[in-house]
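Just start-v9.cif here, mmCIF, C-alpha atoms:
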```cif
data_my_file
#
loop_
_atom_site.label_atom_id
_atom_site.label_comp_id
_atom_site.auth_asym_id
_atom_site.auth_seq_id
_atom_site.Cartn_x
_atom_site.Cartn_y
_atom_site.Cartn_z
CA MET A 1 -25.85 37.84 81.97
CA ALA A 2 -28.95 39.09 80.18
CA GLN A 3 -31.65 36.52 79.54
CA PRO A 4 -32.62 35.99 75.90
CA ALA A 5 -35.83 37.66 74.86
CA ALA A 6 -38.83 35.41 74.28
CA TRP A 7 -38.68 36.05 70.55
CA ASP A 8 -35.11 34.72 70.47
CA ALA A 9 -36.30 31.22 71.45
CA PRO A 10 -35.79 28.67 68.65
CA GLU A 11 -38.87 28.08 66.52
CA PRO A 12 -40.21 24.53 66.16
CA LEU A 13 -39.52 22.84 62.84
CA ALA A 14 -42.17 23.83 60.32
CA VAL A 15 -44.38 20.96 59.21
CA SER A 16 -43.93 22.17 55.63
CA SER A 17 -40.15 21.69 55.91
CA ALA A 18 -40.39 17.88 56.14
CA PRO A 19 -39.19 16.15 52.93
CA VAL A 20 -42.46 14.48 51.92
CA PRO A 21 -42.31 11.16 49.98
CA GLU A 22 -42.80 11.27 46.21
CA TYR A 23 -46.24 9.69 46.15
CA GLY A 24 -47.61 9.38 42.63
CA SER A 25 -44.29 9.64 40.80
CA GLY A 26 -41.43 8.03 42.72
CA SER A 27 -42.47 6.08 45.81
CA LEU A 28 -42.66 2.38 46.64
CA ALA A 29 -46.41 2.56 46.12
CA ASP A 30 -45.78 3.44 42.47
CA LEU A 31 -43.50 0.53 41.62
CA LEU A 32 -45.80 -2.45 41.05
CA PRO A 33 -48.54 -0.41 39.31
CA THR A 34 -45.89 0.82 36.87
CA LEU A 35 -44.64 -2.72 36.18
CA ALA A 36 -48.18 -4.10 35.95
CA ALA A 37 -49.20 -1.35 33.53
CA GLY A 38 -46.32 -2.42 31.29
CA LEU A 39 -47.73 -5.96 31.41
CA GLY A 40 -51.15 -4.77 30.30
CA VAL A 41 -52.96 -5.24 33.63
CA PRO A 42 -56.23 -3.28 33.49
CA GLY A 43 -56.54 -0.32 35.83
CA MET A 44 -52.80 0.06 36.41
CA SER A 45 -50.90 3.26 35.59
CA ALA A 46 -47.19 3.74 34.90
CA THR A 47 -46.60 6.40 37.56
CA ILE A 48 -42.79 6.06 37.66
CA PRO A 49 -42.18 7.54 34.21
CA GLU A 50 -38.48 6.65 34.08
CA LEU A 51 -39.19 2.90 33.88
CA THR A 52 -39.76 1.12 30.57
CA PRO A 53 -41.88 -2.06 30.24
CA ALA A 54 -40.51 -5.59 30.29
CA ASP A 55 -42.26 -8.93 29.71
CA ARG A 56 -40.86 -10.48 32.89
CA ASN A 57 -40.43 -8.39 36.02
CA CYS A 58 -38.81 -9.35 39.31
CA VAL A 59 -38.75 -7.19 42.43
CA PHE A 60 -36.15 -8.16 45.03
CA LEU A 61 -36.91 -6.26 48.23
CA ILE A 62 -34.07 -6.25 50.77
CA ASP A 63 -35.35 -5.20 54.18
CA GLY A 64 -33.39 -2.25 55.55
CA LEU A 65 -31.15 -1.57 52.54
CA GLY A 66 -31.36 2.20 52.16
CA TRP A 67 -29.88 4.19 49.30
CA GLU A 68 -27.39 5.95 51.54
CA GLN A 69 -26.21 2.65 53.02
CA ILE A 70 -25.30 1.31 49.56
CA ARG A 71 -23.47 4.53 48.68
CA ALA A 72 -21.52 4.41 51.94
CA HIS A 73 -20.30 0.79 51.54
CA PRO A 74 -18.71 0.25 48.12
CA ASP A 75 -16.23 -2.27 49.53
CA GLU A 76 -18.87 -4.48 51.16
CA ALA A 77 -21.36 -4.19 48.28
CA PRO A 78 -19.32 -3.75 45.10
CA TYR A 79 -21.97 -5.22 42.81
CA LEU A 80 -24.84 -3.19 44.25
CA HIS A 81 -22.63 -0.11 44.21
CA SER A 82 -21.89 -0.69 40.53
CA LEU A 83 -25.63 -0.61 39.82
CA LEU A 84 -26.32 2.76 41.45
CA GLY A 85 -26.35 4.51 38.08
CA SER A 86 -29.10 2.16 36.86
CA SER A 87 -31.48 3.24 39.60
CA ARG A 88 -34.86 4.66 38.65
CA GLY A 89 -34.62 3.95 34.96
CA GLY A 90 -30.97 4.90 34.56
CA THR A 91 -31.28 8.32 36.17
CA GLY A 92 -29.09 7.27 39.09
CA ARG A 93 -31.71 8.50 41.54
CA PRO A 94 -33.47 6.75 44.43
CA ILE A 95 -37.18 6.52 45.12
CA THR A 96 -38.88 7.17 48.45
CA ALA A 97 -40.29 4.63 50.87
CA GLY A 98 -43.31 6.54 52.17
CA PHE A 99 -44.17 7.65 55.69
CA PRO A 100 -43.51 6.15 58.06
CA ALA A 101 -40.48 4.39 56.61
CA THR A 102 -41.19 1.10 58.33
CA THR A 103 -41.68 -2.48 57.15
CA ALA A 104 -45.43 -3.05 57.58
CA THR A 105 -46.28 0.27 55.96
CA SER A 106 -43.82 -0.13 53.10
CA LEU A 107 -44.76 -3.72 52.26
CA ALA A 108 -48.41 -2.73 52.14
CA SER A 109 -47.51 0.18 49.86
CA VAL A 110 -45.52 -2.14 47.57
CA GLY A 111 -48.15 -4.85 47.36
CA THR A 112 -51.28 -2.73 47.04
CA GLY A 113 -49.76 0.06 44.99
CA LEU A 114 -51.41 2.53 47.36
CA PRO A 115 -50.02 5.10 49.82
CA PRO A 116 -50.46 4.56 53.59
CA GLY A 117 -53.43 6.90 53.78
CA ALA A 118 -55.34 4.53 51.49
CA HIS A 119 -54.15 1.03 52.41
CA GLY A 120 -54.43 1.85 56.11
CA LEU A 121 -51.22 0.50 57.61
CA PRO A 122 -49.82 3.91 58.60
CA GLY A 123 -47.32 2.88 61.25
CA TYR A 124 -45.64 0.18 63.30
CA THR A 125 -48.40 0.41 65.92
CA VAL A 126 -51.57 2.44 65.50
CA ARG A 127 -54.86 2.74 67.32
CA ASN A 128 -57.73 0.55 66.19
CA PRO A 129 -60.68 2.96 66.35
CA ALA A 130 -63.11 0.06 66.85
CA THR A 131 -61.43 -1.16 70.05
CA GLY A 132 -59.33 1.77 71.25
CA GLU A 133 -56.31 -0.54 71.49
CA LEU A 134 -52.93 -0.24 69.83
CA MET A 135 -52.58 -2.66 66.95
CA ASN A 136 -49.14 -3.88 65.91
CA GLN A 137 -49.37 -4.08 62.13
CA LEU A 138 -46.13 -6.01 61.66
CA ARG A 139 -46.99 -8.78 64.12
CA TRP A 140 -50.77 -8.31 63.71
CA GLN A 141 -51.41 -8.21 67.45
CA PRO A 142 -54.07 -8.18 68.72
CA TRP A 143 -55.56 -10.15 65.86
CA THR A 144 -57.84 -8.14 63.59
CA PRO A 145 -59.74 -9.43 60.52
CA PRO A 146 -57.19 -8.74 57.76
CA ARG A 147 -59.51 -7.86 54.89
CA ALA A 148 -61.59 -5.55 57.06
CA TRP A 149 -58.40 -3.71 58.01
CA GLN A 150 -57.05 -3.54 54.41
CA PRO A 151 -59.81 -4.19 51.86
CA TYR A 152 -58.07 -3.30 48.59
CA PRO A 153 -56.85 -6.02 46.18
CA THR A 154 -53.11 -6.40 45.76
CA VAL A 155 -51.36 -5.80 42.46
CA PHE A 156 -50.44 -9.49 42.43
CA GLU A 157 -54.14 -10.43 42.61
CA LEU A 158 -54.99 -8.06 39.77
CA ALA A 159 -52.06 -9.31 37.68
CA HIS A 160 -53.00 -12.95 38.24
CA ALA A 161 -56.59 -12.19 37.19
CA ALA A 162 -55.23 -10.59 34.01
CA GLY A 163 -53.32 -13.74 33.05
CA VAL A 164 -49.88 -12.65 34.27
CA HIS A 165 -47.84 -15.29 36.08
CA ALA A 166 -47.58 -13.85 39.60
CA ALA A 167 -45.41 -15.40 42.31
CA GLN A 168 -43.86 -14.56 45.67
CA VAL A 169 -40.68 -16.34 46.79
CA SER A 170 -39.95 -15.77 50.45
CA SER A 171 -39.43 -17.46 53.80
CA PRO A 172 -42.04 -20.17 54.46
CA HIS A 173 -42.81 -18.36 57.73
CA PHE A 174 -44.50 -15.53 55.85
CA GLU A 175 -46.90 -17.64 53.76
CA THR A 176 -49.86 -17.47 56.16
CA THR A 177 -49.25 -14.21 58.02
CA PRO A 178 -52.02 -11.58 57.97
CA LEU A 179 -49.54 -8.99 56.65
CA THR A 180 -48.81 -11.20 53.65
CA LYS A 181 -52.53 -11.70 53.12
CA VAL A 182 -53.34 -7.99 52.99
CA ALA A 183 -50.17 -6.81 51.25
CA LEU A 184 -48.65 -9.50 49.05
CA SER A 185 -51.21 -12.21 48.30
CA GLY A 186 -52.12 -13.26 44.79
CA GLY A 187 -50.72 -15.84 42.42
CA THR A 188 -48.40 -18.49 43.85
CA PHE A 189 -46.50 -18.33 47.15
CA LEU A 190 -43.30 -20.41 47.23
CA GLY A 191 -41.45 -20.73 50.51
CA ARG A 192 -37.69 -21.30 50.58
CA LEU A 193 -35.39 -21.06 53.58
CA THR A 194 -32.07 -19.86 52.22
CA GLY A 195 -31.30 -16.77 50.21
CA GLU A 196 -29.66 -18.84 47.50
CA GLU A 197 -32.76 -21.01 47.12
CA ARG A 198 -34.93 -17.93 46.79
CA MET A 199 -32.73 -16.44 44.08
CA ASP A 200 -32.72 -19.65 42.08
CA LEU A 201 -36.47 -20.12 42.38
CA ALA A 202 -37.24 -16.49 41.58
CA ALA A 203 -35.32 -16.85 38.32
CA GLU A 204 -37.20 -20.07 37.52
CA GLN A 205 -40.55 -18.40 38.21
CA LEU A 206 -39.72 -15.52 35.91
CA ALA A 207 -39.32 -17.97 33.06
CA VAL A 208 -42.65 -19.73 33.70
CA GLY A 209 -44.78 -17.18 31.89
CA ASP A 210 -44.45 -14.98 28.84
CA ARG A 211 -45.64 -12.23 31.19
CA SER A 212 -44.39 -12.59 34.75
CA LEU A 213 -44.42 -10.59 37.98
CA VAL A 214 -42.23 -12.14 40.68
CA TYR A 215 -41.42 -10.83 44.14
CA THR A 216 -38.70 -12.06 46.47
CA TYR A 217 -37.56 -10.84 49.87
CA TYR A 218 -34.68 -10.96 52.33
CA ALA A 219 -35.07 -9.81 55.95
CA GLU A 220 -31.86 -10.55 57.82
CA LEU A 221 -30.00 -7.36 56.90
CA ASP A 222 -32.65 -5.37 58.76
CA GLY A 223 -32.41 -7.64 61.79
CA ALA A 224 -28.65 -7.17 61.97
CA GLY A 225 -29.08 -3.41 61.78
CA HIS A 226 -31.61 -3.32 64.59
CA ARG A 227 -29.51 -5.49 66.89
CA TYR A 228 -26.00 -4.26 66.13
CA GLY A 229 -26.32 -1.12 64.00
CA VAL A 230 -25.32 -0.28 60.44
CA ALA A 231 -21.79 0.47 61.63
CA SER A 232 -21.32 -3.08 62.92
CA ASP A 233 -19.30 -5.94 61.43
CA THR A 234 -22.41 -8.12 61.60
CA TRP A 235 -24.41 -5.72 59.43
CA ARG A 236 -21.52 -5.36 56.99
CA GLY A 237 -21.30 -9.14 56.73
CA GLN A 238 -24.98 -9.33 55.89
CA LEU A 239 -24.52 -6.62 53.26
CA MET A 240 -21.73 -8.64 51.65
CA TYR A 241 -24.05 -11.67 51.55
CA VAL A 242 -26.89 -9.64 50.02
CA ASP A 243 -24.51 -8.33 47.36
CA ARG A 244 -23.72 -11.89 46.34
CA LEU A 245 -27.41 -12.84 46.29
CA VAL A 246 -28.25 -10.06 43.84
CA GLN A 247 -25.43 -11.11 41.54
CA ARG A 248 -26.57 -14.73 41.74
CA LEU A 249 -30.07 -13.75 40.65
CA VAL A 250 -28.80 -11.54 37.83
CA GLU A 251 -26.72 -14.38 36.42
CA GLN A 252 -29.88 -16.51 36.07
CA LEU A 253 -32.33 -13.99 34.61
CA PRO A 254 -34.25 -15.48 31.67
CA PRO A 255 -34.58 -13.47 28.44
CA ARG A 256 -36.79 -10.36 28.35
CA SER A 257 -36.50 -9.84 32.11
CA ALA A 258 -36.08 -6.77 34.29
CA LEU A 259 -34.87 -7.10 37.87
CA TYR A 260 -35.53 -4.27 40.32
CA VAL A 261 -33.65 -4.28 43.62
CA THR A 262 -35.28 -2.07 46.23
CA ALA A 263 -35.93 -1.80 49.97
CA ASP A 264 -38.63 -0.86 52.45
CA HIS A 265 -36.54 1.74 54.32
CA GLY A 266 -33.00 2.69 55.30
CA MET A 267 -31.66 2.95 58.85
CA VAL A 268 -29.78 5.18 61.28
CA ASP A 269 -27.80 4.27 64.39
CA VAL A 270 -28.81 6.23 67.48
CA PRO A 271 -26.33 6.58 70.40
CA PHE A 272 -27.28 5.26 73.83
CA ASP A 273 -27.38 8.43 75.90
CA GLU A 274 -30.03 10.77 77.27
CA GLU A 275 -29.29 13.41 74.66
CA HIS A 276 -30.14 11.09 71.77
CA ARG A 277 -32.71 8.82 73.45
CA ILE A 278 -35.60 10.69 75.05
CA ASP A 279 -37.62 8.40 77.31
CA PHE A 280 -41.36 9.01 77.14
CA ASP A 281 -41.91 6.81 80.19
CA GLU A 282 -39.73 9.11 82.29
CA ASP A 283 -40.88 12.47 80.92
CA TRP A 284 -43.96 13.81 82.67
CA GLU A 285 -44.36 16.69 80.23
CA LEU A 286 -44.61 14.42 77.21
CA ARG A 287 -46.92 12.00 79.03
CA ALA A 288 -49.40 14.69 80.11
CA GLY A 289 -52.71 14.25 78.33
CA VAL A 290 -51.54 11.21 76.34
CA ALA A 291 -53.81 8.16 76.36
CA LEU A 292 -51.79 5.96 73.97
CA LEU A 293 -48.32 6.14 72.45
CA GLY A 294 -48.08 4.45 69.06
CA GLY A 295 -45.68 4.24 66.15
CA GLU A 296 -41.98 3.79 66.89
CA GLY A 297 -39.07 5.81 68.16
CA ARG A 298 -38.54 7.95 65.06
CA ALA A 299 -42.17 8.14 63.88
CA ARG A 300 -44.66 8.51 66.71
CA HIS A 301 -48.45 8.45 66.68
CA VAL A 302 -49.68 10.18 69.84
CA TYR A 303 -53.29 9.66 70.93
CA ALA A 304 -54.54 12.29 73.33
CA VAL A 305 -57.09 12.05 76.08
CA PRO A 306 -60.31 13.52 74.59
CA GLY A 307 -60.18 17.28 74.89
CA ALA A 308 -56.41 17.43 75.39
CA GLU A 309 -55.39 17.31 71.71
CA ASN A 310 -54.31 20.93 71.42
CA ASP A 311 -52.46 20.89 74.73
CA VAL A 312 -50.54 17.76 73.74
CA LEU A 313 -49.63 19.27 70.38
CA THR A 314 -48.40 22.46 72.04
CA CYS A 315 -46.35 20.57 74.62
CA TRP A 316 -44.77 18.21 72.11
CA ARG A 317 -43.78 21.11 69.89
CA GLU A 318 -42.22 22.94 72.83
CA VAL A 319 -40.29 19.90 74.06
CA LEU A 320 -39.36 18.19 70.78
CA GLY A 321 -39.95 20.75 68.06
CA GLU A 322 -36.29 21.52 67.37
CA GLN A 323 -35.50 17.85 66.67
CA PHE A 324 -38.81 16.46 65.40
CA TRP A 325 -41.36 17.62 62.89
CA VAL A 326 -44.45 17.71 65.10
CA ALA A 327 -47.82 17.92 63.36
CA SER A 328 -51.46 17.54 64.18
CA ARG A 329 -53.27 14.78 62.34
CA ASP A 330 -54.87 17.24 59.94
CA GLU A 331 -51.61 19.08 59.34
CA ALA A 332 -49.81 15.85 58.47
CA ILE A 333 -52.58 14.84 56.07
CA ALA A 334 -52.65 18.28 54.44
CA ALA A 335 -48.86 18.21 54.04
CA GLY A 336 -49.03 14.88 52.19
CA TRP A 337 -47.22 12.72 54.75
CA PHE A 338 -49.51 9.75 54.10
CA GLY A 339 -50.35 10.26 50.42
CA TRP A 340 -51.68 12.96 48.16
CA PRO A 341 -52.02 16.19 50.19
CA GLY A 342 -55.35 16.33 51.95
CA GLN A 343 -56.44 12.85 50.88
CA ILE A 344 -57.01 9.94 53.23
CA ASP A 345 -59.52 7.10 53.44
CA GLU A 346 -62.22 7.71 56.03
CA ARG A 347 -61.54 4.37 57.70
CA VAL A 348 -57.86 5.32 58.14
CA TYR A 349 -58.33 8.83 59.56
CA ALA A 350 -58.75 7.84 63.23
CA ARG A 351 -55.89 5.34 63.05
CA LEU A 352 -53.49 8.28 62.80
CA GLY A 353 -52.32 9.98 65.98
CA ASP A 354 -53.86 13.22 67.15
CA VAL A 355 -50.23 14.33 67.13
CA ILE A 356 -47.58 12.85 64.83
CA ALA A 357 -43.87 13.33 65.49
CA ALA A 358 -41.17 12.50 62.92
CA ALA A 359 -37.49 12.76 63.86
CA ARG A 360 -35.21 15.05 61.87
CA ASP A 361 -32.08 14.63 64.01
CA ASP A 362 -30.34 11.43 65.13
CA VAL A 363 -32.68 11.07 68.09
CA LEU A 364 -35.15 8.52 69.33
CA LEU A 365 -38.26 8.84 71.45
CA ILE A 366 -38.14 5.56 73.33
CA ALA A 367 -40.56 4.11 75.88
CA SER A 368 -38.33 2.02 78.13
CA GLU A 369 -41.11 0.46 80.20
CA ARG A 370 -43.83 -0.22 77.64
CA GLU A 371 -41.47 -0.97 74.74
CA PRO A 372 -38.32 -2.48 76.26
CA LYS A 373 -37.29 -4.48 73.16
CA GLU A 374 -37.79 -1.65 70.67
CA SER A 375 -36.10 0.82 73.05
CA SER A 376 -32.92 -1.27 73.07
CA MET A 377 -32.38 -1.32 69.30
CA VAL A 378 -29.20 0.21 67.90
CA GLY A 379 -30.42 0.80 64.35
CA ASN A 380 -33.76 2.55 63.85
CA HIS A 381 -35.95 3.94 61.10
CA GLY A 382 -39.36 5.42 60.42
CA SER A 383 -38.91 9.10 59.64
CA MET A 384 -38.39 11.17 56.50
CA THR A 385 -34.64 11.79 56.63
CA PRO A 386 -32.65 10.69 53.56
CA ALA A 387 -30.97 7.83 55.46
CA GLU A 388 -34.38 6.31 56.22
CA GLN A 389 -36.59 7.49 53.38
CA LEU A 390 -34.47 7.03 50.24
CA VAL A 391 -34.39 3.51 48.83
CA PRO A 392 -32.76 2.14 45.67
CA LEU A 393 -34.52 1.03 42.51
CA LEU A 394 -31.56 -0.70 40.89
CA GLU A 395 -32.28 -2.26 37.52
CA VAL A 396 -30.74 -5.09 35.51
CA ARG A 397 -32.19 -6.33 32.20
CA SER A 398 -31.56 -9.45 30.18
#
```

Hey, can you dump this file as structure tokens for me?
Amino acid sequence: MAQPAAWDAPEPLAVSSAPVPEYGSGSLADLLPTLAAGLGVPGMSATIPELTPADRNCVFLIDGLGWEQIRAHPDEAPYLHSLLGSSRGGTGRPITAGFPATTATSLASVGTGLPPGAHGLPGYTVRNPATGELMNQLRWQPWTPPRAWQPYPTVFELAHAAGVHAAQVSSPHFETTPLTKVALSGGTFLGRLTGEERMDLAAEQLAVGDRSLVYTYYAELDGAGHRYGVASDTWRGQLMYVDRLVQRLVEQLPPRSALYVTADHGMVDVPFDEEHRIDFDEDWELRAGVALLGGEGRARHVYAVPGAENDVLTCWREVLGEQFWVASRDEAIAAGWFGWPGQIDERVYARLGDVIAAARDDVLLIASEREPKESSMVGNHGSMTPAEQLVPLLEVRS
């Protein structure tokens, strides 16, 4: 049998073909500035044009509740499903999480109103240029001075300074975490254990001020997805619970309120086989020239040994380029993966990988030895596919 000619070999995915988040018009980073602008907070701009102002605004962020997951589960989430047409100001459209579509990055985007290339939390784990170590931005390990890592004020801080009643209602565990400090601080933090308590208190806090900005959060849906997958009964049970929580909050909204239900990312289940789970720790080609492996299985930051950057980029494109968008740091910045095309804060530049790989297919680049817990997860997220990137912006007004 004749061998295929070299020019018949499949081309790597073009960096320009990745569906870039809608920074500046329809991303998570645009939500709170738009609401704050409607409340008269100085310096804020209404960058999601479909939204109209309200005196009292509540954002309920459900960790892991992607747009496609709501659409696919009308039986488990009948109330949420009934609100799909209200999304993004009644257009029935989702917004985008931002890249990577992961919790630490998305929460920082929500709270600061800035894209990842500005706030500087551009991944699950990234290199700290000052130490050369990987820094886990969700768990904040190893510890790093929070305000040096993310120096911008949050929208809650700016709103509070402008006389808006600002409050966060979440698990007590999150009150003192560095991630909360850099992403969601400002105003009053109120810790409550159960989802029902959070809904009730969020409604009460909305009514406290004539102008209010309230944030509340629920994490357990995401945890169920990671452990059991979005196809599992456990995840579906959590979705049913979340559906009831949203309805409970809606029933208590005080007058002149707008509730926005959104999420930090969606999720995809990845099968447990060698075809779908590529193990970096067992692949000598992918390891060659790599000093540090950051990010997560569907959104990798790859830090090369000095001088090996081009070789690593070439190798990763050859090995993974049919399933992943593989870009150099500068290519990813120019394409707008982390914010406006070509724009990034100087302090953030070296936190990004020399090579950045984002999954297009239902595949995962695991690291079984160095990341055993993360490598065992059923549900995953991080990349720019619709299942991960699109999140709801459901709206109810009173």

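Among A:Trp235, A:Trp316, A:Phe338, A:Trp284, the residue with the shortest atom-to-atom distance to Leu65 of chain A, counting all atoms listed in the file, is A:Trp235.
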
I need the output of the PyMOL selection byres ((chain A and resi 218) around 6) for this file as a ChimeraX atom specification; which residues are they? /A:62,217,219

Output C-alpha atoms for every residue in the selection just made, as a compact mmCIF listing (two decimals), in the coordinates of the input.
```
# COMPACT_ATOMS: atom_id res chain seq x y z
CA ILE A 62 -34.07 -6.25 50.77
CA TYR A 217 -37.56 -10.84 49.87
CA ALA A 219 -35.07 -9.81 55.95
```

Selection near Lys181 of chain A, 12 Å with all atoms listed in the file, sequence-local residues under 5 positions removed, as a list in words: Leu107, Ala108, Gly111, Thr112, Trp140, Pro145, Pro146, Arg147, Ala148, Trp149, Gln150, Pro151, Tyr152, Pro153, Thr154, Phe156, Glu157, Gln168, Phe174, Glu175, Thr176, Gly186, Gly187 and Phe189 of chain A

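Those residues that approach Trp337 of chain A to within 7 Å, counting all atoms listed in the file, are Val20, Phe99, Ala332 and Ile333 of chain A; same-chain residues fewer than 3 positions away are not listed.
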
Would you save the residues of that selection, restricted to C-alpha atoms, as a PDB file, in the frame of the given file?
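As a result, out-v6.pdb now contains:
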```pdb
ATOM      1  CA  VAL A  20     -42.460  14.480  51.920  1.00  0.00           C
ATOM      2  CA  PHE A  99     -44.170   7.650  55.690  1.00  0.00           C
ATOM      3  CA  ALA A 332     -49.810  15.850  58.470  1.00  0.00           C
ATOM      4  CA  ILE A 333     -52.580  14.840  56.070  1.00  0.00           C
TER       5      ILE A 333
END
```

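Proximity ranking of A:Leu35, A:Ala359, A:Ala231, A:Ala167 relative to Gly209 of chain A places A:Ala167 first, based on only C-alpha atoms.
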
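Our summary of the geometry notes that atom CA of Pro178 of chain A is positioned 28.8 Å from atom CA of Gly38 of chain A.
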
Between atom CA of Val169 of chain A and atom CA of Arg192 of chain A - distance in Å to one decimal: 6.9 Å

Atom CA of Glu11 of chain A and atom CA of Gly123 of chain A, how far apart in Å?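 Interatomic distance here is 27.1 Å.
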
Pick the closest to Thr262 of chain A from A:Leu32, A:Leu51, A:Leu61, A:Val155: which is it, counting all atoms listed in the file? A:Leu61

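Using only C-alpha atoms, the nearest neighbour of Ser185 of chain A within the list A:Cys315, A:Met199, A:Arg351, A:Ala159 is A:Ala159.
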
Taking (-48.4, 5.9, 47.7) in the file's coordinates, which residues come within 10 Å, counting all atoms listed in the file, written as a ChimeraX atom specification? /A:21-31,96-99,106,108-110,112-119,337-340
